[in-house]
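Trainee: Got a file for you: upload_9.cif, mmCIF, C-alpha atoms and all ligand atoms.
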data_entry
#
loop_
_atom_site.label_atom_id
_atom_site.label_comp_id
_atom_site.auth_asym_id
_atom_site.auth_seq_id
_atom_site.Cartn_x
_atom_site.Cartn_y
_atom_site.Cartn_z
CA MET C 1 101.90 93.59 82.58
CA ASP C 2 104.06 96.75 82.50
CA ASN C 3 102.28 98.82 85.10
CA ALA C 4 101.18 95.96 87.37
CA PRO C 5 101.07 97.17 90.97
CA ASP C 6 103.42 95.67 93.52
CA ILE C 7 101.40 92.89 95.14
CA GLN C 8 102.56 90.94 98.18
CA ILE C 9 101.08 87.68 99.34
CA PHE C 10 101.10 86.75 103.02
CA PRO C 11 99.78 83.77 104.96
CA VAL C 12 96.88 84.58 107.29
CA PHE C 13 97.76 82.63 110.43
CA ASP C 14 95.01 84.03 112.62
CA GLN C 15 91.80 84.45 110.67
CA SER C 16 89.97 85.55 113.82
CA ALA C 17 92.12 88.71 114.06
CA PRO C 18 90.06 91.92 113.82
CA GLY C 19 89.02 92.82 110.28
CA VAL C 20 90.11 89.63 108.47
CA TRP C 21 86.69 88.07 107.80
CA TYR C 22 85.28 91.49 107.08
CA ASP C 23 87.98 91.99 104.40
CA PHE C 24 87.25 88.49 103.02
CA ALA C 25 83.52 89.25 102.85
CA SER C 26 84.05 92.64 101.17
CA ILE C 27 86.31 91.18 98.48
CA ARG C 28 83.93 88.26 97.92
CA THR C 29 81.00 90.66 97.52
CA GLU C 30 82.82 93.11 95.27
CA SER C 31 84.31 90.46 92.98
CA ALA C 32 81.03 88.56 92.78
CA VAL C 33 78.46 91.31 92.47
CA VAL C 34 78.33 91.48 88.66
CA LYS C 35 78.37 87.77 87.78
CA TYR C 36 76.91 86.26 90.96
CA PRO C 37 74.57 88.88 92.47
CA SER C 38 73.12 86.28 94.86
CA LEU C 39 76.44 86.31 96.76
CA ALA C 40 76.16 90.04 97.35
CA THR C 41 72.89 90.11 99.33
CA GLN C 42 72.86 91.04 103.02
CA GLU C 43 71.75 87.47 103.90
CA SER C 44 74.56 85.91 101.89
CA ILE C 45 77.18 88.19 103.47
CA ALA C 46 75.88 87.51 107.00
CA GLY C 47 75.81 83.75 106.31
CA TYR C 48 79.32 83.92 104.90
CA LEU C 49 80.70 85.65 108.01
CA GLU C 50 79.02 83.02 110.20
CA ASP C 51 80.45 80.20 108.07
CA CYS C 52 83.96 81.65 108.32
CA GLU C 53 83.74 81.76 112.10
CA SER C 54 82.23 78.32 112.56
CA SER C 55 84.68 76.65 110.15
CA TRP C 56 87.57 78.35 111.96
CA LYS C 57 86.34 77.04 115.32
CA LYS C 58 85.44 73.53 114.12
CA LYS C 59 88.37 72.65 111.84
CA SER C 60 91.86 72.12 113.20
CA PHE C 61 93.74 72.65 109.90
CA ASN C 62 92.63 75.92 108.32
CA PHE C 63 94.80 77.76 105.83
CA ALA C 64 94.49 81.17 104.17
CA TYR C 65 96.57 83.58 102.15
CA ALA C 66 95.82 87.17 101.26
CA ALA C 67 97.20 89.43 98.54
CA TYR C 68 97.94 93.05 99.44
CA HIS C 69 98.51 96.18 97.44
CA ASP C 70 100.31 98.30 100.05
CA ASP C 71 98.08 97.74 103.12
CA LYS C 72 94.88 96.99 101.17
CA MET C 73 93.72 93.38 100.86
CA VAL C 74 92.87 92.82 97.19
CA GLY C 75 92.39 89.05 97.03
CA PHE C 76 92.34 85.99 99.26
CA ILE C 77 92.06 82.24 99.33
CA GLN C 78 90.99 80.09 102.24
CA GLY C 79 90.39 76.43 102.90
CA ASP C 80 90.97 73.53 105.24
CA VAL C 81 92.25 70.00 105.38
CA VAL C 82 90.02 67.20 106.65
CA ASP C 83 90.92 63.49 106.44
CA ARG C 84 93.80 64.16 104.06
CA VAL C 85 91.67 66.11 101.60
CA GLY C 86 92.45 69.81 101.09
CA TYR C 87 89.29 71.83 100.45
CA ILE C 88 89.68 75.19 98.71
CA ARG C 89 86.65 77.08 100.05
CA ASP C 90 87.05 80.56 98.57
CA LEU C 91 89.24 82.31 96.04
CA PHE C 92 88.37 85.88 95.15
CA VAL C 93 90.30 88.75 93.61
CA LEU C 94 88.93 92.31 93.36
CA PRO C 95 87.81 93.03 89.77
CA GLU C 96 90.37 95.78 89.16
CA TYR C 97 93.16 93.40 90.23
CA GLN C 98 92.08 90.38 88.17
CA LYS C 99 94.19 88.95 85.32
CA MET C 100 97.44 89.93 87.03
CA ARG C 101 98.22 86.35 88.15
CA ILE C 102 97.17 87.10 91.73
CA GLY C 103 94.59 84.26 91.62
CA HIS C 104 97.25 81.93 90.26
CA ASN C 105 99.74 82.86 93.01
CA LEU C 106 97.13 82.54 95.76
CA LEU C 107 96.05 79.13 94.46
CA THR C 108 99.58 77.71 94.19
CA ASN C 109 100.43 78.91 97.71
CA ALA C 110 97.26 77.35 99.10
CA GLU C 111 97.91 74.09 97.26
CA THR C 112 101.37 73.88 98.85
CA ALA C 113 99.92 74.59 102.31
CA ALA C 114 97.28 71.89 101.83
CA ALA C 115 99.85 69.41 100.47
CA MET C 116 101.47 69.37 103.93
CA GLY C 117 98.46 67.41 105.16
CA ALA C 118 96.43 66.29 102.15
CA ARG C 119 96.69 63.82 99.30
CA ASP C 120 93.95 65.37 97.19
CA LEU C 121 92.50 68.80 96.54
CA ASP C 122 88.80 69.41 96.19
CA LEU C 123 86.69 72.48 95.46
CA VAL C 124 83.30 73.59 94.25
CA SER C 125 83.74 76.12 91.48
CA LEU C 126 81.55 79.02 90.52
CA VAL C 127 80.64 78.59 86.88
CA TYR C 128 82.82 81.41 85.46
CA ALA C 129 85.90 80.15 87.31
CA GLU C 130 85.82 76.56 85.99
CA PRO C 131 88.20 77.29 83.05
CA PHE C 132 90.61 78.94 85.51
CA TYR C 133 90.74 75.81 87.68
CA LYS C 134 90.91 73.47 84.68
CA ALA C 135 93.92 75.46 83.45
CA HIS C 136 95.45 74.64 86.84
CA GLY C 137 95.03 70.88 86.37
CA TYR C 138 91.68 70.34 88.12
CA THR C 139 89.19 67.94 86.56
CA THR C 140 85.48 67.56 87.08
CA LEU C 141 84.39 65.10 89.76
CA TYR C 142 81.10 63.25 89.28
CA GLY C 143 80.30 65.37 86.20
CA SER C 144 79.46 68.33 88.44
CA ASN C 145 81.02 71.70 89.31
CA ARG C 146 83.00 69.89 91.97
CA LEU C 147 86.62 69.76 90.82
CA GLY C 148 89.68 68.00 92.13
CA LYS C 149 93.25 66.94 91.59
CA PRO C 150 95.93 65.11 93.55
CA THR C 151 98.28 67.31 95.59
CA SER C 152 101.77 67.84 94.22
CA GLN C 153 104.93 67.56 96.28
CA HIS C 154 106.38 70.36 94.17
CA GLY C 155 107.15 73.38 96.36
CA LEU C 156 107.68 71.36 99.54
CA SER C 157 111.49 71.19 99.20
CA TYR C 158 114.03 74.04 99.29
CA ALA C 159 111.36 76.42 100.53
CA THR C 160 110.42 78.57 103.50
CA LEU C 161 106.89 77.47 104.33
CA PRO C 162 104.27 78.85 106.71
CA ILE C 163 102.83 76.39 109.19
CA PHE C 164 99.07 76.59 109.64
CA LYS C 165 98.91 73.31 111.56
CA CYS C 166 101.63 71.38 113.35
CA THR C 167 101.29 67.95 111.74
CA PRO C 168 102.97 64.98 113.46
CA LYS C 169 105.89 65.26 110.99
CA VAL C 170 106.42 68.95 111.82
CA ILE C 171 106.15 68.33 115.57
CA GLN C 172 108.61 65.44 115.48
CA ALA C 173 111.18 67.37 113.44
CA CYS C 174 110.87 70.58 115.45
CA GLU C 175 111.10 68.76 118.78
CA TYR C 176 114.27 67.06 117.55
CA ILE C 177 115.81 70.35 116.39
CA ALA C 178 114.76 72.11 119.61
CA LYS C 179 116.39 69.41 121.72
CA GLN C 180 119.63 69.71 119.73
CA ASN C 181 119.59 73.43 120.55
CA GLY C 182 118.64 73.02 124.23
CA VAL C 183 115.25 74.71 123.86
CA LYS C 184 111.65 73.48 123.96
CA PHE C 185 109.26 73.42 121.02
CA ASP C 186 105.74 74.45 122.04
CA LYS C 187 103.22 73.29 119.42
CA THR C 188 100.34 75.07 121.18
CA LEU C 189 101.76 78.41 119.99
CA VAL C 190 100.39 77.39 116.58
CA SER C 191 97.55 75.01 117.39
CA LYS C 192 95.92 77.11 120.13
CA LEU C 193 97.25 80.65 119.71
CA HIS C 194 97.68 80.69 115.88
CA ARG C 195 101.04 82.42 116.17
CA PRO C 196 103.09 82.81 112.97
CA MET C 197 105.47 79.94 112.31
CA PHE C 198 107.71 79.12 109.34
CA ILE C 199 109.86 76.09 108.61
CA TYR C 200 112.66 75.72 106.13
CA ALA C 201 112.23 72.50 104.16
CA GLY C 202 115.40 71.37 102.42
CA HIS C 203 116.26 68.32 100.36
CA ASN C 204 113.45 65.76 100.22
CA GLN C 205 111.20 67.91 102.41
CA ARG C 206 113.54 67.45 105.37
CA ILE C 207 112.87 70.16 107.97
CA ASP C 208 116.14 72.02 108.61
CA GLY C 209 114.88 74.76 110.92
CA TYR C 210 111.90 76.71 112.23
CA ILE C 211 110.89 80.03 113.69
CA VAL C 212 107.76 80.63 115.74
CA GLN C 213 106.58 83.73 117.55
CA ASP C 214 106.86 83.11 121.27
CA ASP C 215 106.47 85.48 124.21
CA VAL C 216 110.13 86.14 124.80
CA VAL C 217 112.29 86.17 121.70
CA SER C 218 111.45 84.75 118.30
CA LYS C 219 114.56 83.52 116.62
CA PRO C 220 115.34 80.74 114.17
CA VAL C 221 116.14 77.31 115.60
CA ILE C 222 118.26 75.35 113.14
CA SER C 223 119.18 71.69 112.90
CA LYS C 224 122.76 70.98 113.90
CA ASP C 225 122.79 68.28 111.19
CA TYR C 226 122.56 70.92 108.49
CA PRO C 227 125.82 72.47 107.26
CA MET C 228 124.50 75.87 106.12
CA GLN C 229 122.89 76.93 109.38
CA ASP C 230 123.37 80.70 108.97
CA TRP C 231 121.83 80.62 105.52
CA VAL C 232 118.70 78.79 106.73
CA ALA C 233 118.47 81.10 109.76
CA LYS C 234 118.56 84.12 107.45
CA ARG C 235 115.83 82.73 105.19
CA LEU C 236 113.57 82.07 108.18
CA GLN C 237 114.24 85.42 109.83
CA THR C 238 113.54 87.30 106.58
CA ALA C 239 110.18 85.56 106.05
CA PHE C 240 109.23 86.09 109.70
CA ASP C 241 110.25 89.79 109.80
CA ALA C 242 108.36 90.53 106.57
CA TYR C 243 105.25 88.94 108.05
CA ILE C 244 105.58 90.80 111.39
CA MET C 245 106.09 94.12 109.64
CA HIS C 246 103.04 93.46 107.51
CA THR C 247 100.82 92.58 110.50
CA ALA C 248 101.97 95.71 112.35
CA THR C 249 100.72 97.79 109.38
CA GLN C 250 97.44 95.87 109.37
CA GLN C 251 96.93 96.38 113.10
CA ALA C 252 97.62 100.10 112.78
CA LYS C 253 94.97 100.24 110.03
CA VAL C 254 92.33 98.44 112.15
CA ARG C 255 92.98 100.78 115.10
C1 LIG B 1 88.77 83.34 89.26
C2 LIG B 1 89.70 84.40 89.85
C3 LIG B 1 90.00 84.10 91.30
C4 LIG B 1 91.01 84.37 89.04
O1 LIG B 1 91.91 85.31 89.59
P1 LIG B 1 92.85 86.20 88.66
O2 LIG B 1 93.83 86.88 89.56
O3 LIG B 1 92.03 87.05 87.78
O4 LIG B 1 93.55 85.08 87.77
P2 LIG B 1 95.04 85.07 87.19
O5 LIG B 1 95.40 86.43 86.70
O6 LIG B 1 95.95 84.44 88.16
O7 LIG B 1 94.83 84.11 85.96
C5 LIG B 1 95.69 83.06 85.68
C6 LIG B 1 95.29 82.53 84.35
O8 LIG B 1 93.92 82.11 84.36
C7 LIG B 1 93.18 82.85 83.38
N1 LIG B 1 91.88 83.15 83.97
C8 LIG B 1 91.61 83.94 85.02
N2 LIG B 1 90.29 83.95 85.29
C9 LIG B 1 89.74 83.15 84.35
C10 LIG B 1 88.41 82.75 84.09
N3 LIG B 1 87.37 83.16 84.81
N4 LIG B 1 88.21 81.92 83.05
C11 LIG B 1 89.24 81.48 82.29
N5 LIG B 1 90.51 81.81 82.50
C12 LIG B 1 90.75 82.64 83.52
C13 LIG B 1 93.97 84.09 83.11
O9 LIG B 1 93.71 84.60 81.82
C14 LIG B 1 95.38 83.57 83.25
O10 LIG B 1 95.78 82.90 82.10
P3 LIG B 1 97.29 82.97 81.56
O11 LIG B 1 98.11 82.30 82.62
O12 LIG B 1 97.24 82.23 80.28
O13 LIG B 1 97.59 84.43 81.43
C15 LIG B 1 89.14 85.84 89.71
O14 LIG B 1 88.86 86.09 88.35
C16 LIG B 1 87.87 86.08 90.54
O15 LIG B 1 87.95 86.46 91.70
N6 LIG B 1 86.69 85.90 89.91
C17 LIG B 1 85.40 86.14 90.53
C18 LIG B 1 85.10 85.19 91.63
C19 LIG B 1 85.29 83.74 91.30
O16 LIG B 1 84.79 83.23 90.31
N7 LIG B 1 86.04 83.06 92.18
C20 LIG B 1 86.23 81.64 92.14
C21 LIG B 1 85.33 81.10 93.21
S1 LIG B 1 85.26 79.36 93.16
#
Here is the file; what I need is its structure written in the form of structure tokens.

Mentor:
Amino acid sequence: MDNAPDIQIFPVFDQSAPGVWYDFASIRTESAVVKYPSLATQESIAGYLEDCESSWKKKSFNFAYAAYHDDKMVGFIQGDVVDRVGYIRDLFVLPEYQKMRIGHNLLTNAETAAAMGARDLDLVSLVYAEPFYKAHGYTTLYGSNRLGKPTSQHGLSYATLPIFKCTPKVIQACEYIAKQNGVKFDKTLVSKLHRPMFIYAGHNQRIDGYIVQDDVVSKPVISKDYPMQDWVAKRLQTAFDAYIMHTATQQAKVR
């Protein structure tokens, strides 16, 4: 599309940050109101906000991405991983931003995030979105509007990836890299505090470095086994700085 606005997609590490669920609920309501008016009632919105909070508290592997036009959230996807199944819970794009591949980009990002801990993907589709998911390789489960597909390993190599949950593989690799560099890796920064963290996954999904926001200085920690350390450090720092700059804008907006 020639005049498509400049849309940026960011991971949402801390869904409990002020305004996030409210933005999710507003987009869900606005994008649903015409075709699914039952989702736009006061009861449905209140129930949705409660569900977001309780899922966030109960599940240990939540993931979410949001699409922004400047500082305005215009679409989002959220889900979780339980027992190696990645559940896509919500995917909504504001009507005036639909058909610009934002839904596609949100879905592929979320599928990659889920693939770090899941073998299969599972979702319950609203009726009008079924062709969209089928075009993305999902098939009907049990002849219902429940759809699924196996996760793909595509996207897990040669990529800077956000970490929503420190899986045993991530912990083991980061502890090893931290030790090589004489620092300590603190997994609670992600698992308890939901701080932003990115890894660089190289050949065969091998973790070559990480960056996590800590209280002192957040800088990339790179494996000494990897020859192009500066290059990996730059990739991680760029992803991290872009995220931090974006959250600063969001916080200014909420205040
Ligand atoms: C479904 C939804 C998330 C898709 O987002 P989007 O940003 O409009 O989709 P994209 O632009 O990425 O579309 C990617 C492709 O899917 C197609 N597509 C999008 N929505 C479609 C739909 N409802 N039915 C069939 N195809 C669809 C697009 O035409 C595009 O095809 P192309 O690659 O051949 O050009 C969005 O339309 C939406 O929010 N709908 C209302 C709420 C909803 O149904 N959400 C799903 C909840 S389970």

Trainee: Find the residues near ligand LIG 1 (chain B). Use a cut-off of 10 Å, count only C-alpha atoms and all ligand atoms, and write them as a VMD selection string.

Mentor: chain C and resid 27 to 36 67 74 to 77 88 to 108 123 to 136 145 to 147

Trainee: For atom CA of C:Pro150 and atom CA of C:Leu236, determine how far apart the two atoms are, in Å to one decimal place.

Mentor: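 If I compute the distance from atom CA of C:Pro150 to atom CA of C:Leu236, I get 28.5 Å.
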
Trainee: Here is a test: counting only C-alpha atoms, which residue of C:Tyr210, C:Trp21, C:Ser157, C:Met73 is nearest to C:Ser54?

Mentor: C:Trp21

Trainee: Measure the distance from atom CA of C:Gly137 to atom CA of C:Ala159 in Å and round it to one decimal.

Mentor: 22.3 Å

Trainee: Just to confirm, what's the straight-line distance from atom CA of C:Gln250 to atom CA of C:Ala17 in Å (one decimal)?

Mentor: 10.1 Å

Trainee: Name the residues in contact with C:Phe63 at a cut-off of 9 Å, using all atoms listed in the file, excluding same-chain residues fewer than 4 positions from it; report them as a PDB file with C-alpha atoms, keeping the file's coordinate frame.

Mentor:
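As written to disk, selection-v3.pdb reads:
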ATOM      1  CA  PRO C  11      99.780  83.770 104.960  1.00  0.00           C
ATOM      2  CA  VAL C  12      96.880  84.580 107.290  1.00  0.00           C
ATOM      3  CA  PHE C  13      97.760  82.630 110.430  1.00  0.00           C
ATOM      4  CA  GLN C  15      91.800  84.450 110.670  1.00  0.00           C
ATOM      5  CA  ILE C  77      92.060  82.240  99.330  1.00  0.00           C
ATOM      6  CA  GLN C  78      90.990  80.090 102.240  1.00  0.00           C
ATOM      7  CA  GLY C  79      90.390  76.430 102.900  1.00  0.00           C
ATOM      8  CA  ASP C  80      90.970  73.530 105.240  1.00  0.00           C
ATOM      9  CA  VAL C  81      92.250  70.000 105.380  1.00  0.00           C
ATOM     10  CA  ALA C 110      97.260  77.350  99.100  1.00  0.00           C
ATOM     11  CA  ALA C 113      99.920  74.590 102.310  1.00  0.00           C
ATOM     12  CA  ALA C 114      97.280  71.890 101.830  1.00  0.00           C
ATOM     13  CA  ILE C 163     102.830  76.390 109.190  1.00  0.00           C
ATOM     14  CA  PHE C 164      99.070  76.590 109.640  1.00  0.00           C
ATOM     15  CA  LYS C 165      98.910  73.310 111.560  1.00  0.00           C
TER      16      LYS C 165
END
